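Report on the following structure.
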Amino acid sequence: MARICVYLGSREGNTPAFRQAANTLGNAIASRGHTLVYGGARIGLMGELANAALEAGGKVIGVMPDHLVEREQAHFGLTELIRVPNMHERKATMAANADAFIALPGGIGTFEELFEIWTWGYLGLHDKPMGLLDTDGFYAPLLSFLDNTVSHGFLTQATRDMLMDAPTSAQLLDALEAQLS
């Protein structure tokens, strides 16, 4: 089965829908026999996601830089916790250990990881499927902006189409799995 890397917030956000989406996705990844790869934190949506996958009997690989482990943010109940020296190594290690990528709601770190992995795909550095879980319309403004970028000629439709989106975990996982098979 696949190793699915999920980028998401180390905070919970201000609506229960975000926590529920993390729980549902973690459970679905494990229930479908996939391995979760994520940033390794025990806090926020990251902790919710990992705990849901673990509770469903799944394998969970966390990747965390030493400075965050030392700040006591690491989840030590994972199948595997990979410690790396810095954020650059974290992203590279997560990408190397993944077959597909999903972004849930999050902040600046989530956006940075998402856009970097999408850029790597555009540059031909990987051909792994990528998608946004548009929980409660969180990514709707971004999706509109990306479509606007296409209409203004700064992004091709093919590049835009590399980034799938869906409102539910099941729909997004179905789309990713279709590209993996």
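Chain lettering (A, B, ...) mirrors the order of the structure tokens, residue numbering begins at 1 for each chain separately, and ligand numbering begins at 1 in order of display.
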When you look at A:Asp99 with a cut-off of 8 Å (counting only C-alpha atoms), what residues show up, excluding the ones that are within fewer than 5 positions of it in the same chain? I need them as a CSV table (one decimal) with C-alpha atoms, in the first residue's frame.
chain,number,residue,atom,x,y,z
A,2,ALA,CA,1.0,3.6,-0.3
A,3,ARG,CA,2.8,6.0,2.1
A,4,ILE,CA,0.7,9.2,2.2
A,5,CYS,CA,2.4,12.4,3.4
A,128,LYS,CA,3.5,11.7,-7.1
A,129,PRO,CA,-0.2,12.7,-6.8
A,180,LEU,CA,-1.2,5.5,-7.8
Self-check item: A:Leu173 environment, 12 Å, only C-alpha atoms, sequence neighbours closer than 4 positions dropped, as JSON, numbers by chain
Solution: {"A": [2, 3, 4, 5, 6, 24, 25, 26, 27, 28, 29, 30, 31, 32, 33, 34, 100, 101, 102, 103, 129, 130, 131, 132, 133, 164, 165, 166, 167, 168, 169, 177, 178, 179, 180]}
Quiz prompt | Selection: 7 Å around stretch 136-151 of chain A, only C-alpha atoms, excl. self and same-chain fewer than 3 positions, as a PyMOL selection string | solution = chain A and resi 17+105+154-157
Exercise. Apply DSSP to the structure's backbone, then extract all residues of chain A labelled strand (DSSP E or B) and return them as a PyMOL selection string.
Key: chain A and resi 3-7+35-38+41+59-65+74+80-84+100-103+130-133+163-166
Quiz item: Hey, which of A:Ala22, A:Leu8, A:Val63, A:Leu125 ends up closest to A:Glu112? Count only C-alpha atoms.
Solution: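 With only C-alpha atoms as the atom set, the closest residue is A:Leu8.
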Quiz item: In Å to one decimal, how far is atom CA of A:Ala92 from atom CA of A:Trp118?
Solution: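 That distance, rounded to one decimal, is 13.2 Å.
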Contacts of A:Phe76 at 9 Å or less, counting only C-alpha atoms, minus same-chain residues fewer than 6 places along, as a PDB file with N, CA and C atoms, in the first residue's frame?
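Wrote it out as result.pdb, contents follow:
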ATOM      1  N   GLY A  40       5.404  14.717  12.596  1.00  0.00           N
ATOM      2  CA  GLY A  40       5.842  14.115  13.848  1.00  0.00           C
ATOM      3  C   GLY A  40       5.377  14.758  15.140  1.00  0.00           C
ATOM      4  N   ALA A  41       4.509  15.756  15.082  1.00  0.00           N
ATOM      5  CA  ALA A  41       4.086  16.451  16.300  1.00  0.00           C
ATOM      6  C   ALA A  41       2.929  15.735  16.990  1.00  0.00           C
ATOM      7  N   ARG A  42       2.837  15.986  18.282  1.00  0.00           N
ATOM      8  CA  ARG A  42       1.749  15.443  19.093  1.00  0.00           C
ATOM      9  C   ARG A  42       0.664  16.481  19.325  1.00  0.00           C
TER      10      ARG A  42
END
Practice problem: Could you give me, as a list in words, the residues within 12 Å of A:Glu12, counting only C-alpha atoms and dropping anything in the same chain fewer than 3 positions from it? | Solution: Leu8, Gly9, Thr15, Pro16, Ala17, Phe18, Arg19, Gln20, Ala21, Ala22, Asn23, Arg42, Ile43, Gly44, Leu45, Met46, Gly47, Glu48, Leu49, Leu104, Pro105, Gly106 and Gly107 of chain A
Quiz item: Which of these residues is nearest to A:Thr135, using only C-alpha atoms: A:Gln171, A:Arg160, A:Pro65, A:Phe111?
Solution: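 Checking each candidate against A:Thr135, we get A:Gln171 as the closest.
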Exercise. Between atom CA of A:Asn51 and atom CA of A:Tyr38, measure the distance and give it in Å to one decimal.
Key: 11.8 Å
Quiz item: stretch 3-178 of chain A: which residues are helix (DSSP H, G or I) by DSSP, as a PyMOL selection string?
Solution: chain A and resi 16-31+44-55+66-70+87-96+108-122+135-137+140-151+157-161+169-178
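Among the candidates A:Leu114, A:Met87, A:Leu176, A:Val60, the one nearest to A:His75 when counting only C-alpha atoms is A:Val60.
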Practice problem: Using only C-alpha atoms, find the one residue out of A:Ala158, A:Ala98, A:Ile108, A:Leu163 that sits nearest to A:Asp134. | Solution: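 Of A:Ala158, A:Ala98, A:Ile108, A:Leu163, the one nearest A:Asp134, counting only C-alpha atoms, is A:Leu163.
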Exercise. Would you mind listing what lies within 10 Å of A:Asn86 as an MDAnalysis selection string, with only C-alpha atoms counted and same-chain residues fewer than 4 positions away left out?
Key: chainID A and resid 64:68 90:91
